[in-house]
Each structure stands twice: as C-alpha cells, then as structure tokens.
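Trainee: Structure in structure tokens, see below.
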Amino acid sequence: TFNDFIDVARWLIETKKLTTPDLLSCEGRSAGGMTVGAAINQAPELFKMAILGVPFVDVVGTMTDASIPLTASEWEEWGNPNERKFFDYMKSYTPMSNVKKGATYPTVFLLGGLYDPRVQYWEPTKFAATLRHTQGPESGPVCLKIDMSAGHFSASDRYKYLRETAFDYAFLLDQVGLVSHADNVDEPTLHVQSSSS
C-alpha cells in the first residue's frame, strides 16, 4: 500500500508530468493517515504538503495496549505486536518509528479529536513532536489542530464540518502557493487523497 501510494506520486510527477513535488499534496484519515505518514517518511521529497486526519501513526504503541478500545479485536487483522514477528513487522512501517533524522519533510498538518475512541488525540500530537524534533531545518512547518469536541469522524454538525474542511483546504492552498500558480497551466496542483480502512 505504501509503495503503491509513492509509485502513484512518482507516476504523476515523472511519467505523466502532471505536477511537480512543489505542487503535490496528499491527504489521509485514520488508517489512510498511516499510509500518508509512511509515504512522507519513505519519500518526503515527493510532496509539498500532507494532511493527516486522525492518523493511526503509532501502530506499535497503540496495538500493544489492549485497554484501548478496538485494539485487541484488531489483532486478528493487524497481528499482535506482543508477539515478536508482528512487533518487528509493524515497527518497519509505523510512521512514528520511521521519521528520517535530518530529512527535508513537506509541510505536515495533523488533525485529531479529543474524544476519538479509535485514534486517540495523542497519536497526532506525538507524531507532530517527533517530526519537529527529527526533521531537517529546511522542512515545512508541522502544524497540529486538536478539535476539543470531536471524535473520530470530526464534526457532526454540517456547517461545522464545512468550516473545518474549508480551513483545511485554505491551509493547503496557502502552502502550495496556488494563488501564485493560478495562471500557469503547465503546472496544475494535484491533491491525492488516501482512503481510510
């Protein structure tokens, strides 16, 4: 999955020449946020910006704690990291454990909900801190927004949801400099979204 995501980004940039790394953004929520986190760890140079909504980025830390809702029931699908073979495998891809020291990362916007029972607010918070303290000095900013009234699926109020979505995309458009590229048809801005499982 992670390699496929990166391959699509390379295809858009190198093969089809539809965009450049300075204009390519990506987004994922929940397990899709894990995909985006793994992709920016493996190939940070491909993206200008990444939005990770309620991202499942600390796979090992979360899956070893059976007291967290849904964890033990997910062992059948993900594996139980209390067993060495699963621990080692999860450690090889979990975004939290694979941030590249000194690498130049894209701008990263992390979103969480205080009342999220599936991906607790501390996962995006820990990932933000890890990126800030590990990435290189030429990296984009790492921004964290925790909604103090939301759960896993963000706002249930339609208008609040639309305001939140507008905020996210306004930040994205600012980071990719869309306004300065608006009249350049040779370099369209593309946004690749990863679905969550």
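Following the order of the structure tokens, chains are lettered A, B, ..., residues in each are numbered from 1, and ligands are numbered from 1.
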As a VMD selection string, please: every residue in region 2-192 of chain A that a backbone DSSP assignment puts in alpha helix (DSSP H).
Mentor: chain A and resid 2 to 10 31 to 42 59 to 63 71 to 78 84 to 93 122 to 134 158 to 175 178 to 181
Trainee: Excluding Ile68 (chain A) and its own-chain neighbours fewer than 2 positions away, which residues fall within 10 Å of it when counting only C-alpha atoms? Please give them as number ranges by chain.
Mentor: A: 62-66, 70-72, 117-120
Trainee: Would you write out those residues with N, CA and C atoms, as a short mmCIF file (atom, residue, chain, number, x, y, z; two decimals), in the first residue's frame?
Mentor:
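Printed below is part-v9.cif as written:
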```cif
data_model
loop_
_atom_site.label_atom_id
_atom_site.label_comp_id
_atom_site.auth_asym_id
_atom_site.auth_seq_id
_atom_site.Cartn_x
_atom_site.Cartn_y
_atom_site.Cartn_z
N THR A 62 0.02 1.82 20.00
CA THR A 62 -1.41 1.63 20.19
C THR A 62 -1.79 0.16 20.26
N MET A 63 -1.27 -0.63 19.35
CA MET A 63 -1.68 -2.03 19.27
C MET A 63 -1.15 -2.89 20.43
N THR A 64 -0.14 -2.43 21.15
CA THR A 64 0.33 -3.21 22.31
C THR A 64 -0.52 -2.96 23.55
N ASP A 65 -1.35 -1.93 23.52
CA ASP A 65 -2.17 -1.58 24.68
C ASP A 65 -3.59 -2.12 24.51
N ALA A 66 -3.86 -3.27 25.09
CA ALA A 66 -5.16 -3.93 24.95
C ALA A 66 -6.29 -3.16 25.64
N LEU A 70 -11.05 -1.22 20.76
CA LEU A 70 -10.87 -1.84 19.45
C LEU A 70 -9.50 -2.51 19.24
N THR A 71 -8.54 -2.30 20.13
CA THR A 71 -7.18 -2.81 19.88
C THR A 71 -7.13 -4.33 19.82
N ALA A 72 -7.51 -4.99 20.89
CA ALA A 72 -7.40 -6.45 20.93
C ALA A 72 -8.22 -7.10 19.81
N PRO A 117 -12.32 7.63 20.01
CA PRO A 117 -12.03 6.36 20.69
C PRO A 117 -11.17 5.41 19.84
N ARG A 118 -10.98 5.72 18.57
CA ARG A 118 -10.23 4.83 17.69
C ARG A 118 -8.76 5.25 17.56
N VAL A 119 -8.54 6.52 17.28
CA VAL A 119 -7.18 7.06 17.21
C VAL A 119 -7.13 8.21 18.20
N GLN A 120 -6.60 7.95 19.37
CA GLN A 120 -6.61 8.95 20.43
C GLN A 120 -5.79 10.18 20.03
#
```
Trainee: Which residues are near Val108 (chain A)? Cut-off 9 Å, only C-alpha atoms, ignore same chain within fewer than 5 positions. Put them as a PyMOL selection string.
Mentor: chain A and resi 48-52+128+131+140-144
Trainee: Given the choices A:Asn82, A:Pro69, A:Pro106, A:Asn3, which gets closest to Leu46 (chain A) if the distance is worked out from only C-alpha atoms?
Mentor: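 Answer, going by the shortest atom-to-atom distance: A:Pro106.
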Trainee: With a cut-off of 10 Å, could you pull out the residues of region 45-145 of chain A touching region 156-168 of chain A and give me the nearest pair of atoms for each, distance in Å to one decimal, using only C-alpha atoms, ordered by chain and ascending number, as a Markdown table?
Mentor:
```
| residue | atom | partner | partner_atom | distance |
| --- | --- | --- | --- | --- |
| A:Ile51 | CA | A:Asp168 | CA | 8.0 |
| A:Gly53 | CA | A:Asp168 | CA | 9.9 |
| A:Phe109 | CA | A:Asp168 | CA | 8.4 |
| A:Leu110 | CA | A:Asp168 | CA | 10.0 |
| A:Leu111 | CA | A:Asp168 | CA | 9.3 |
```
Trainee: Extract, using only C-alpha atoms, all DNA, RNA and protein residues at most 8 Å from region 29-41 of chain A, discarding same-chain residues fewer than 2 positions from it, and format them as number ranges by chain.
Mentor: A: 1-3, 5-6, 26-27, 43-47, 50-57, 93-95, 98-100, 105-106, 119, 194-197
Trainee: Emit the selected residues as a CSV table (one decimal), in the first residue's frame, including N, CA and C atoms.
Mentor:
```
chain,number,residue,atom,x,y,z
A,1,THR,N,0.8,-1.2,0.0
A,1,THR,CA,0.0,0.0,0.0
A,1,THR,C,0.9,1.3,0.0
A,2,PHE,N,1.9,1.3,0.9
A,2,PHE,CA,2.7,2.5,1.0
A,2,PHE,C,3.5,2.7,-0.3
A,3,ASN,N,4.0,1.6,-0.8
A,3,ASN,CA,4.8,1.7,-2.1
A,3,ASN,C,3.9,2.1,-3.2
A,5,PHE,N,1.3,3.9,-3.1
A,5,PHE,CA,1.0,5.4,-2.9
A,5,PHE,C,2.1,6.2,-3.5
A,6,ILE,N,3.3,5.8,-3.1
A,6,ILE,CA,4.5,6.5,-3.6
A,6,ILE,C,4.7,6.4,-5.1
A,26,CYS,N,-1.0,15.5,-0.4
A,26,CYS,CA,-1.7,14.2,-0.2
A,26,CYS,C,-2.4,14.3,1.2
A,27,GLU,N,-3.4,13.5,1.3
A,27,GLU,CA,-4.3,13.5,2.5
A,27,GLU,C,-4.8,12.1,2.8
A,43,ALA,N,9.4,8.8,1.2
A,43,ALA,CA,9.7,9.7,0.1
A,43,ALA,C,9.3,11.1,0.3
A,44,PRO,N,9.8,11.8,1.3
A,44,PRO,CA,9.4,13.2,1.7
A,44,PRO,C,9.6,14.2,0.6
A,45,GLU,N,10.5,13.9,-0.3
A,45,GLU,CA,10.8,14.8,-1.4
A,45,GLU,C,9.7,14.9,-2.5
A,46,LEU,N,8.7,14.0,-2.4
A,46,LEU,CA,7.7,14.0,-3.5
A,46,LEU,C,6.5,14.9,-3.2
A,47,PHE,N,6.4,15.4,-2.0
A,47,PHE,CA,5.2,16.1,-1.6
A,47,PHE,C,5.5,17.5,-1.0
A,50,ALA,N,1.2,17.5,3.3
A,50,ALA,CA,0.5,16.3,3.7
A,50,ALA,C,-0.5,16.7,4.8
A,51,ILE,N,-1.8,16.3,4.6
A,51,ILE,CA,-2.8,16.4,5.7
A,51,ILE,C,-3.1,15.0,6.2
A,52,LEU,N,-2.9,14.9,7.6
A,52,LEU,CA,-3.2,13.6,8.2
A,52,LEU,C,-4.3,13.8,9.2
A,53,GLY,N,-5.5,13.4,8.9
A,53,GLY,CA,-6.6,13.5,9.8
A,53,GLY,C,-6.7,12.3,10.7
A,54,VAL,N,-6.9,12.5,12.0
A,54,VAL,CA,-6.9,11.4,13.0
A,54,VAL,C,-6.0,10.2,12.6
A,55,PRO,N,-4.8,10.5,12.4
A,55,PRO,CA,-3.9,9.5,11.8
A,55,PRO,C,-3.5,8.4,12.7
A,56,PHE,N,-3.5,7.2,12.3
A,56,PHE,CA,-3.1,6.0,13.0
A,56,PHE,C,-1.6,5.9,12.8
A,57,VAL,N,-0.8,6.7,13.5
A,57,VAL,CA,0.6,6.7,13.2
A,57,VAL,C,1.5,6.0,14.2
A,93,TYR,N,7.1,-0.3,9.4
A,93,TYR,CA,6.3,0.7,8.7
A,93,TYR,C,5.6,1.8,9.5
A,94,THR,N,5.5,1.6,10.8
A,94,THR,CA,4.7,2.6,11.5
A,94,THR,C,5.4,4.0,11.4
A,95,PRO,N,4.6,5.0,11.0
A,95,PRO,CA,5.2,6.3,10.8
A,95,PRO,C,6.0,6.9,12.0
A,98,ASN,N,9.7,5.7,12.1
A,98,ASN,CA,10.5,5.8,10.9
A,98,ASN,C,10.7,7.2,10.3
A,99,VAL,N,10.6,8.2,11.2
A,99,VAL,CA,10.9,9.6,10.7
A,99,VAL,C,12.4,9.6,10.5
A,100,LYS,N,12.8,10.2,9.3
A,100,LYS,CA,14.2,10.2,9.0
A,100,LYS,C,14.9,11.4,9.6
A,105,TYR,N,11.2,17.4,5.1
A,105,TYR,CA,9.9,16.9,5.0
A,105,TYR,C,9.0,18.0,4.5
A,106,PRO,N,7.8,17.6,3.9
A,106,PRO,CA,6.9,18.6,3.4
A,106,PRO,C,6.2,19.2,4.6
A,119,VAL,N,-8.5,6.5,17.3
A,119,VAL,CA,-7.2,7.1,17.2
A,119,VAL,C,-7.1,8.2,18.2
A,194,SER,N,-5.9,9.6,0.3
A,194,SER,CA,-5.8,8.2,0.6
A,194,SER,C,-7.1,7.9,1.4
A,195,SER,N,-7.8,6.8,1.1
A,195,SER,CA,-8.9,6.4,1.8
A,195,SER,C,-8.5,5.7,3.1
A,196,SER,N,-9.4,5.7,4.1
A,196,SER,CA,-9.0,5.0,5.4
A,196,SER,C,-9.7,3.7,5.3
A,197,SER,N,-9.2,2.8,6.1
A,197,SER,CA,-9.8,1.4,6.2
A,197,SER,C,-10.8,1.4,7.3
```
Trainee: Can you pull out every residue from region 4-197 of chain A that DSSP, working from the backbone, puts in strand (DSSP E), and format the result as a PyMOL selection string?
Mentor: chain A and resi 24-29+49-53+107-113+142-147+190-194
